[in-house]
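Okay, structure_4.csv now, which holds CSV, C-alpha atoms:
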```csv
chain,number,residue,atom,x,y,z
A,1,GLN,CA,66.4,71.1,-23.7
A,2,ALA,CA,68.3,71.6,-20.4
A,3,ALA,CA,67.3,68.0,-19.2
A,4,ASP,CA,68.2,66.6,-22.6
A,5,SER,CA,71.6,68.2,-22.6
A,6,LEU,CA,72.3,67.0,-19.0
A,7,ARG,CA,71.3,63.5,-20.1
A,8,ALA,CA,73.7,63.6,-23.1
A,9,GLU,CA,76.5,64.8,-20.8
A,10,LEU,CA,76.0,62.1,-18.1
A,11,ALA,CA,74.6,59.1,-20.0
A,12,GLY,CA,75.5,59.7,-23.7
A,13,ASP,CA,73.2,59.0,-26.6
A,14,THR,CA,72.7,55.3,-26.3
A,15,VAL,CA,69.3,54.2,-24.9
A,16,THR,CA,69.6,51.2,-22.6
A,17,PHE,CA,67.2,48.5,-21.5
A,18,VAL,CA,67.3,45.3,-19.5
A,19,VAL,CA,65.7,41.9,-20.4
A,20,ASN,CA,64.1,41.0,-17.1
A,21,ARG,CA,61.1,39.3,-15.5
A,22,ASN,CA,58.9,40.5,-12.6
A,23,ILE,CA,57.8,37.8,-10.2
A,24,ASN,CA,55.4,39.0,-7.4
A,25,VAL,CA,55.4,35.9,-5.2
A,26,SER,CA,52.4,36.9,-3.2
A,27,ASN,CA,49.9,39.8,-3.1
A,28,ILE,CA,48.9,39.1,0.5
A,29,CYS,CA,49.6,42.4,2.4
A,30,THR,CA,49.0,43.9,5.8
A,31,VAL,CA,49.9,47.5,4.9
A,32,GLY,CA,46.9,48.8,3.1
A,33,CYS,CA,48.3,51.8,1.1
A,34,ALA,CA,45.6,54.0,-0.4
A,35,PHE,CA,47.3,54.2,-3.7
A,36,CYS,CA,47.6,50.4,-4.3
A,37,GLY,CA,45.3,48.1,-6.2
A,38,PHE,CA,47.6,45.1,-5.7
A,39,GLY,CA,47.7,44.1,-2.0
A,40,GLN,CA,45.0,41.9,-0.6
A,41,GLY,CA,44.0,40.7,2.8
A,42,ARG,CA,44.7,37.0,3.5
A,43,ARG,CA,41.0,36.1,3.3
A,44,SER,CA,40.4,38.0,0.1
A,45,PRO,CA,39.2,35.8,-2.8
A,46,ASP,CA,41.8,37.6,-4.9
A,47,ALA,CA,44.7,36.7,-2.6
A,48,TYR,CA,47.4,34.4,-3.9
A,49,GLU,CA,50.8,33.0,-2.9
A,50,HIS,CA,52.9,31.1,-5.5
A,51,SER,CA,53.8,27.5,-4.7
A,52,GLU,CA,57.5,26.6,-5.0
A,53,GLU,CA,56.7,24.6,-8.1
A,54,GLU,CA,55.0,27.6,-9.8
A,55,PHE,CA,57.8,30.0,-8.7
A,56,ARG,CA,60.4,27.6,-10.3
A,57,ARG,CA,58.3,27.5,-13.5
A,58,ARG,CA,58.3,31.3,-13.7
A,59,VAL,CA,62.1,31.4,-13.2
A,60,ARG,CA,62.7,28.8,-15.9
A,61,GLU,CA,60.4,30.8,-18.2
A,62,ALA,CA,62.5,33.9,-17.6
A,63,VAL,CA,65.7,32.1,-18.5
A,64,ALA,CA,64.1,30.7,-21.7
A,65,PHE,CA,63.0,34.3,-22.6
A,66,GLY,CA,66.7,35.4,-22.2
A,67,ALA,CA,66.2,37.4,-19.0
A,68,THR,CA,69.4,38.4,-17.1
A,69,GLU,CA,67.4,39.7,-14.1
A,70,ILE,CA,64.5,38.6,-12.0
A,71,CYS,CA,62.8,41.4,-10.1
A,72,MET,CA,61.0,40.1,-7.0
A,73,GLN,CA,58.7,42.0,-4.8
A,74,SER,CA,55.6,40.9,-2.9
A,75,GLY,CA,53.0,42.2,-0.4
A,76,ILE,CA,54.0,42.3,3.3
A,77,HIS,CA,52.9,38.8,4.1
A,78,PRO,CA,52.1,38.5,7.8
A,79,SER,CA,53.5,35.0,8.3
A,80,TRP,CA,56.8,35.3,6.3
A,81,THR,CA,60.1,35.6,8.2
A,82,ILE,CA,63.5,36.4,6.9
A,83,GLU,CA,64.0,32.7,6.3
A,84,ASP,CA,61.2,32.7,3.8
A,85,TYR,CA,62.8,35.7,1.9
A,86,GLU,CA,66.1,33.8,1.9
A,87,ARG,CA,64.4,30.7,0.6
A,88,TRP,CA,62.9,32.4,-2.4
A,89,LEU,CA,66.3,33.8,-3.4
A,90,ARG,CA,67.9,30.3,-3.0
A,91,ILE,CA,65.2,28.6,-5.1
A,92,ALA,CA,65.7,31.2,-7.9
A,93,LYS,CA,69.5,30.6,-7.8
A,94,GLU,CA,69.0,26.8,-7.9
A,95,GLU,CA,66.9,27.2,-11.1
A,96,ALA,CA,69.1,29.9,-12.6
A,97,PRO,CA,72.6,30.2,-11.0
A,98,HIS,CA,73.7,33.1,-13.3
A,99,ILE,CA,70.6,35.3,-13.0
A,100,HIS,CA,70.7,38.6,-11.2
A,101,LEU,CA,68.2,38.8,-8.3
A,102,HIS,CA,66.9,42.4,-7.9
A,103,ALA,CA,64.7,41.9,-4.9
A,104,TYR,CA,62.9,43.2,-1.8
A,105,SER,CA,61.8,46.8,-1.4
A,106,PRO,CA,62.9,48.8,1.7
A,107,MET,CA,59.4,48.0,3.2
A,108,GLU,CA,60.0,44.3,2.8
A,109,ILE,CA,63.5,44.6,4.3
A,110,HIS,CA,62.0,46.6,7.2
A,111,PHE,CA,59.5,43.9,7.9
A,112,MET,CA,61.8,40.9,7.6
A,113,ALA,CA,64.5,42.6,9.7
A,114,GLY,CA,62.3,42.7,12.8
A,115,GLY,CA,64.9,43.6,15.5
A,116,LEU,CA,67.9,42.3,13.5
A,117,PRO,CA,70.7,44.8,12.6
A,118,LEU,CA,70.5,45.8,9.0
A,119,ASP,CA,74.1,44.8,8.2
A,120,GLU,CA,73.2,41.2,9.3
A,121,VAL,CA,70.0,41.2,7.2
A,122,PHE,CA,71.9,42.2,4.1
A,123,ALA,CA,74.8,39.8,4.8
A,124,ARG,CA,72.2,37.0,5.0
A,125,LEU,CA,70.3,38.1,1.8
A,126,ARG,CA,73.5,38.4,-0.1
A,127,ALA,CA,74.6,34.9,1.0
A,128,ALA,CA,71.2,33.6,-0.3
A,129,GLY,CA,71.7,35.2,-3.7
A,130,LEU,CA,70.5,38.9,-3.5
A,131,GLY,CA,72.2,41.0,-6.2
A,132,SER,CA,70.6,44.4,-5.8
A,133,THR,CA,67.4,45.9,-4.3
A,134,PRO,CA,64.6,48.1,-5.8
A,135,GLY,CA,64.3,51.5,-4.3
A,136,THR,CA,60.5,51.3,-4.2
A,137,ALA,CA,58.3,52.1,-1.2
A,138,ALA,CA,59.7,55.6,-1.6
A,139,GLU,CA,56.5,57.2,-2.9
A,140,VAL,CA,57.2,60.8,-1.8
A,141,LEU,CA,60.0,61.0,0.8
A,142,HIS,CA,58.1,63.5,3.0
A,143,ASP,CA,56.4,62.2,6.1
A,144,GLY,CA,53.4,64.5,5.7
A,145,VAL,CA,52.5,62.9,2.3
A,146,ARG,CA,53.2,59.4,3.6
A,147,GLN,CA,50.8,59.9,6.5
A,148,ARG,CA,48.1,60.9,4.0
A,149,ILE,CA,48.6,58.1,1.5
A,150,SER,CA,50.1,55.2,3.4
A,151,PRO,CA,50.1,55.8,7.2
A,152,ASN,CA,51.3,52.2,7.8
A,153,LYS,CA,54.4,52.5,5.5
A,154,LEU,CA,57.8,53.0,7.0
A,155,PRO,CA,58.8,56.6,7.7
A,156,VAL,CA,61.3,58.5,5.6
A,157,ALA,CA,64.2,58.2,8.1
A,158,ARG,CA,63.8,54.4,8.1
A,159,TRP,CA,63.7,54.2,4.3
A,160,VAL,CA,66.9,56.2,4.2
A,161,GLU,CA,68.5,54.0,6.9
A,162,ILE,CA,67.7,50.8,5.0
A,163,VAL,CA,68.9,52.1,1.6
A,164,GLU,CA,72.1,53.4,3.2
A,165,ALA,CA,72.7,50.0,4.9
A,166,ALA,CA,72.2,48.3,1.5
A,167,HIS,CA,74.8,50.5,-0.1
A,168,ALA,CA,77.2,50.0,2.8
A,169,ALA,CA,76.8,46.2,2.3
A,170,GLY,CA,77.7,46.6,-1.4
A,171,VAL,CA,74.1,46.1,-2.5
A,172,ARG,CA,73.2,48.7,-5.2
A,173,SER,CA,69.7,50.0,-5.5
A,174,THR,CA,67.4,51.9,-7.8
A,175,VAL,CA,65.3,54.8,-6.5
A,176,THR,CA,61.7,55.8,-7.4
A,177,VAL,CA,59.2,58.6,-6.9
A,178,MET,CA,55.5,58.3,-7.2
A,179,PHE,CA,53.9,61.6,-8.5
A,180,GLY,CA,50.7,62.9,-9.9
A,181,HIS,CA,48.4,62.4,-6.9
A,182,ILE,CA,48.0,64.7,-3.8
A,183,GLU,CA,51.6,65.8,-3.5
A,184,GLU,CA,52.6,69.5,-3.8
A,185,PRO,CA,55.6,70.5,-5.9
A,186,TRP,CA,57.6,71.5,-2.7
A,187,GLU,CA,57.1,68.0,-1.4
A,188,LEU,CA,58.5,66.5,-4.6
A,189,ALA,CA,61.4,69.0,-4.2
A,190,GLU,CA,62.0,67.6,-0.7
A,191,HIS,CA,62.0,64.1,-2.1
A,192,MET,CA,64.6,65.0,-4.6
A,193,ARG,CA,66.7,66.7,-1.9
A,194,VAL,CA,66.6,63.5,0.2
A,195,VAL,CA,67.6,61.3,-2.8
A,196,ARG,CA,70.3,63.6,-4.0
A,197,SER,CA,72.0,63.9,-0.5
A,198,LEU,CA,71.8,60.2,0.0
A,199,GLN,CA,73.5,59.6,-3.4
A,200,GLU,CA,76.1,62.1,-2.5
A,201,ARG,CA,76.9,60.1,0.6
A,202,THR,CA,76.9,56.6,-0.8
A,203,GLY,CA,76.9,56.7,-4.6
A,204,GLY,CA,74.8,53.5,-4.5
A,205,PHE,CA,71.9,54.4,-6.7
A,206,THR,CA,72.0,52.9,-10.2
A,207,GLU,CA,69.0,54.8,-11.7
A,208,PHE,CA,66.1,57.1,-10.8
A,209,VAL,CA,62.7,55.9,-11.9
A,210,PRO,CA,59.7,58.4,-11.9
A,211,LEU,CA,56.4,56.5,-11.6
A,212,SER,CA,53.3,58.5,-12.4
A,213,PHE,CA,50.3,57.6,-10.2
A,214,ILE,CA,47.6,55.2,-11.7
A,215,PRO,CA,44.4,56.3,-10.1
A,216,PHE,CA,41.7,54.0,-11.6
A,217,HIS,CA,41.4,51.0,-9.2
A,218,THR,CA,42.7,52.6,-6.0
A,219,LEU,CA,41.2,54.1,-2.9
A,220,LEU,CA,43.3,57.3,-3.2
A,221,GLY,CA,42.0,57.8,-6.8
A,222,ARG,CA,38.4,57.3,-5.8
A,223,THR,CA,38.3,59.3,-2.6
A,224,HIS,CA,40.2,62.3,-4.1
A,225,GLY,CA,38.8,62.2,-7.6
A,226,ILE,CA,42.3,62.0,-9.0
A,227,GLU,CA,42.6,61.8,-12.8
A,228,GLU,CA,45.6,60.3,-14.6
A,229,ILE,CA,48.3,62.8,-15.1
A,230,SER,CA,48.5,64.2,-18.7
A,231,ARG,CA,51.2,63.2,-21.0
A,232,ASP,CA,52.5,66.8,-21.1
A,233,GLU,CA,52.7,67.0,-17.3
A,234,ASN,CA,54.3,63.6,-17.1
A,235,LEU,CA,57.1,64.7,-19.5
A,236,LYS,CA,57.6,68.1,-17.7
A,237,HIS,CA,57.9,66.3,-14.4
A,238,THR,CA,60.4,63.9,-16.0
A,239,ALA,CA,62.6,66.8,-17.2
A,240,ALA,CA,62.4,68.5,-13.8
A,241,PHE,CA,63.5,65.3,-12.0
A,242,ARG,CA,66.5,65.0,-14.3
A,243,LEU,CA,67.5,68.6,-13.5
A,244,ALA,CA,66.9,68.2,-9.8
A,245,LEU,CA,69.2,65.2,-9.7
A,246,GLY,CA,72.0,67.3,-11.1
A,247,ARG,CA,75.1,65.2,-11.7
A,248,THR,CA,74.4,62.7,-8.9
A,249,ILE,CA,72.6,59.8,-10.7
A,250,PRO,CA,73.5,59.4,-14.4
A,251,SER,CA,70.5,57.2,-15.4
A,252,LEU,CA,66.9,58.3,-15.6
A,253,GLN,CA,64.4,55.6,-16.6
A,254,ALA,CA,61.0,56.0,-18.2
A,255,SER,CA,58.3,53.6,-17.0
A,256,TRP,CA,56.5,52.4,-20.1
A,257,VAL,CA,54.1,50.5,-17.9
A,258,LYS,CA,52.9,53.8,-16.3
A,259,MET,CA,53.1,56.2,-19.3
A,260,GLY,CA,52.9,53.9,-22.3
A,261,LEU,CA,55.7,53.2,-24.8
A,262,ASP,CA,54.8,56.1,-27.0
A,263,ALA,CA,55.2,58.6,-24.2
A,264,ALA,CA,58.3,56.8,-22.9
A,265,THR,CA,59.8,57.1,-26.4
A,266,GLU,CA,59.0,60.9,-26.4
A,267,ALA,CA,60.6,61.1,-22.9
A,268,LEU,CA,64.0,60.2,-24.5
A,269,ASP,CA,64.0,63.9,-25.5
A,270,TRP,CA,63.1,65.0,-21.9
A,271,GLY,CA,66.1,63.7,-20.0
A,272,VAL,CA,65.5,59.9,-20.1
A,273,ASN,CA,68.3,57.5,-21.2
A,274,ASP,CA,66.8,54.1,-20.1
A,275,LEU,CA,63.6,52.4,-21.0
A,276,GLY,CA,63.6,49.9,-18.2
A,277,GLY,CA,62.8,46.2,-18.7
A,278,THR,CA,60.8,43.7,-20.7
A,279,LEU,CA,59.0,42.7,-17.4
A,280,MET,CA,57.1,39.7,-18.8
A,281,GLU,CA,54.5,40.0,-16.0
A,282,GLU,CA,53.5,43.2,-14.2
A,283,SER,CA,50.8,43.1,-11.5
A,284,ILE,CA,51.2,46.3,-9.5
A,285,SER,CA,50.4,48.9,-12.2
A,286,ARG,CA,48.0,46.5,-14.0
A,287,LEU,CA,45.8,46.1,-10.9
A,288,ALA,CA,45.8,49.8,-10.3
A,289,GLY,CA,44.2,50.1,-13.8
A,290,SER,CA,47.2,50.7,-16.1
A,291,TYR,CA,46.3,49.8,-19.7
A,292,HIS,CA,49.8,49.8,-21.2
A,293,GLY,CA,50.4,46.0,-21.1
A,294,VAL,CA,52.7,43.8,-19.0
A,295,LYS,CA,55.3,42.6,-21.4
A,296,LEU,CA,57.5,43.9,-24.2
A,297,GLU,CA,59.9,42.1,-26.5
A,298,PRO,CA,63.5,43.4,-26.6
A,299,GLY,CA,62.7,44.4,-30.2
A,300,ASP,CA,60.0,46.8,-29.0
A,301,LEU,CA,62.4,48.7,-26.8
A,302,ILE,CA,65.1,48.7,-29.5
A,303,GLY,CA,62.5,50.0,-32.0
A,304,ALA,CA,61.5,52.8,-29.5
A,305,ALA,CA,65.1,54.0,-29.2
A,306,HIS,CA,65.6,53.9,-33.0
A,307,ALA,CA,62.3,55.8,-33.5
A,308,ALA,CA,63.8,58.5,-31.3
A,309,GLY,CA,66.9,58.5,-33.5
A,310,ARG,CA,69.1,56.9,-30.9
A,311,ALA,CA,71.2,53.7,-30.8
A,312,ALA,CA,70.0,51.1,-28.3
A,313,ALA,CA,71.9,48.7,-26.0
A,314,GLU,CA,70.9,45.8,-23.8
A,315,ARG,CA,72.4,46.2,-20.4
A,316,ASP,CA,72.4,44.2,-17.2
A,317,THR,CA,71.0,45.4,-13.9
A,318,LEU,CA,74.1,47.3,-12.9
A,319,TYR,CA,74.5,48.9,-16.3
A,320,GLY,CA,77.1,46.7,-17.8
A,321,ILE,CA,76.4,46.6,-21.6
A,322,ARG,CA,75.7,43.2,-23.0
A,323,ARG,CA,75.0,44.0,-26.7
A,324,HIS,CA,74.7,47.0,-28.9
A,325,HIS,CA,71.9,47.7,-31.4
A,326,PRO,CA,73.1,50.5,-33.6
A,327,LEU,CA,70.8,52.7,-35.6
A,328,PRO,CA,70.0,51.2,-39.0
A,329,VAL,CA,72.0,53.1,-41.7
A,330,ALA,CA,68.8,54.4,-43.4
A,331,ALA,CA,67.8,56.2,-40.2
```

Please rewrite the model in this file as structure tokens.
Amino acid sequence: QAADSLRAELAGDTVTFVVNRNINVSNICTVGCAFCGFGQGRRSPDAYEHSEEEFRRRVREAVAFGATEICMQSGIHPSWTIEDYERWLRIAKEEAPHIHLHAYSPMEIHFMAGGLPLDEVFARLRAAGLGSTPGTAAEVLHDGVRQRISPNKLPVARWVEIVEAAHAAGVRSTVTVMFGHIEEPWELAEHMRVVRSLQERTGGFTEFVPLSFIPFHTLLGRTHGIEEISRDENLKHTAAFRLALGRTIPSLQASWVKMGLDAATEALDWGVNDLGGTLMEESISRLAGSYHGVKLEPGDLIGAAHAAGRAAAERDTLYGIRRHHPLPVAA
């Protein structure tokens, strides 16, 4: 009830969603996180890297579907340079000049930057078409947890430095947390403290996205015997995250890929005001063993909001409202 009333105060009663498409350009990755089922070594039979032609086709498909956003993240590909990252942005903009490019996690930014100053990196990416950046690679912003689940991942201070540089460059970002594995509650509390103080400094986060850990096809799940978090615990965590944010980030998003659309709909009473995107393709959760699908139609998300007794609205990436879907009168 406390989370729900804070949601109503900060975000109102309309449930938002975005029509978007994920494109994971390559799954070749050198990092080797224990919680990941997506990344592959270069010689793996499951490794892939989209050709330019295939990438263009996927962008055109997104436009035909009505997407306003393309979300682009990949593995940390050992031979890519910042020029490759710029090139993918430019190709997407050639195919779809008006689409918003929500691309490149802090880990990808860290890798492509090499020794370059971050303000120069973001200036180059913005010139190539970057619109905003996903605040993934956050996992739990506590170095003790990070050492245990992804020792090759960037440390907390560097994650914060990159996100602050993005916000300083006028690039907004989302922010995530990955919970339901080996973390302790106090470590999640530290994550929320880091997020909240960063938002108080910059105001650059658009939304907070809790991501429950999918254990099935991951090293971390196997070695620690981790079971999928229960629906009740998922909802309780969601409400606690809303309260921990206080009034700093107005939007809290439920990940239907992680928890399923039914639980995401229920989460609308637990502090959530946004149902995320249609996605069209989703590799990272699917390859970790998620069984909730990879694509929804806008009508599915509108229906979920209406089932919760709330009006729906399609938004863009930065929360501009594109069209309203009021509750049917009978409801």

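Each of A:Arg90, A:His217, A:Arg146, A:Arg56 was checked against A:Gly131 using all atoms listed in the file; the smallest atom-to-atom distance is that of A:Arg90.
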
message: Using only C-alpha atoms, list the residues that have an atom at most 10 Å from (52.1, 64.8, -23.9), coordinates as in the file, as a list in words.
response: Ile229, Ser230, Arg231, Asp232, Glu233, Asn234, Leu235, Lys236, Met259, Asp262, Ala263, Glu266 and Ala267 of chain A

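What separates atom CA of A:Ser173 from atom CA of A:Leu130 is a distance of 11.3 Å.
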
Name the residues within 8 Å of (70.5, 46.5, -12.1), counting all atoms listed in the file in the file's coordinates, and put them as a compact mmCIF listing (two decimals) with C-alpha atoms, in the coordinates of the input.
```txt
# COMPACT_ATOMS: atom_id res chain seq x y z
CA GLU A 69 67.40 39.70 -14.10
CA HIS A 100 70.70 38.60 -11.20
CA HIS A 102 66.90 42.40 -7.90
CA SER A 132 70.60 44.40 -5.80
CA ARG A 172 73.20 48.70 -5.20
CA SER A 173 69.70 50.00 -5.50
CA THR A 174 67.40 51.90 -7.80
CA THR A 206 72.00 52.90 -10.20
CA ASP A 316 72.40 44.20 -17.20
CA THR A 317 71.00 45.40 -13.90
CA LEU A 318 74.10 47.30 -12.90
CA TYR A 319 74.50 48.90 -16.30
```

To box stretch 119-129 of chain A, take all atoms listed in the file, fit an axis-aligned box, add 4 Å on each side, and give centre and edge lengths in Å to one decimal, as lines of an AutoDock Vina configuration file.
```
center_x = 72.4
center_y = 39.2
center_z = 2.8
size_x = 12.8
size_y = 19.2
size_z = 21.0
```

- request: Could you please determine the separation between atom CA of A:Val19 and atom CA of A:Asp300 in Å, to one decimal place?
  value: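 We find that atom CA of A:Val19 and atom CA of A:Asp300 lie 11.4 Å from each other.
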
Nearest-residue call for A:Thr81, choices A:Ile302, A:Val121, A:Leu219, A:Val63, using all atoms listed in the file: A:Val121

message: I need the residue nearest A:Leu275 from this list: A:Arg315, A:His224, A:Arg148, A:Arg87. Use all atoms listed in the file for the distance.
response: A:Arg315

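Each of A:Ile214, A:Leu279, A:Val15, A:Val171 was compared to A:Arg310 using only C-alpha atoms, and A:Val15 turns out to be the nearest.
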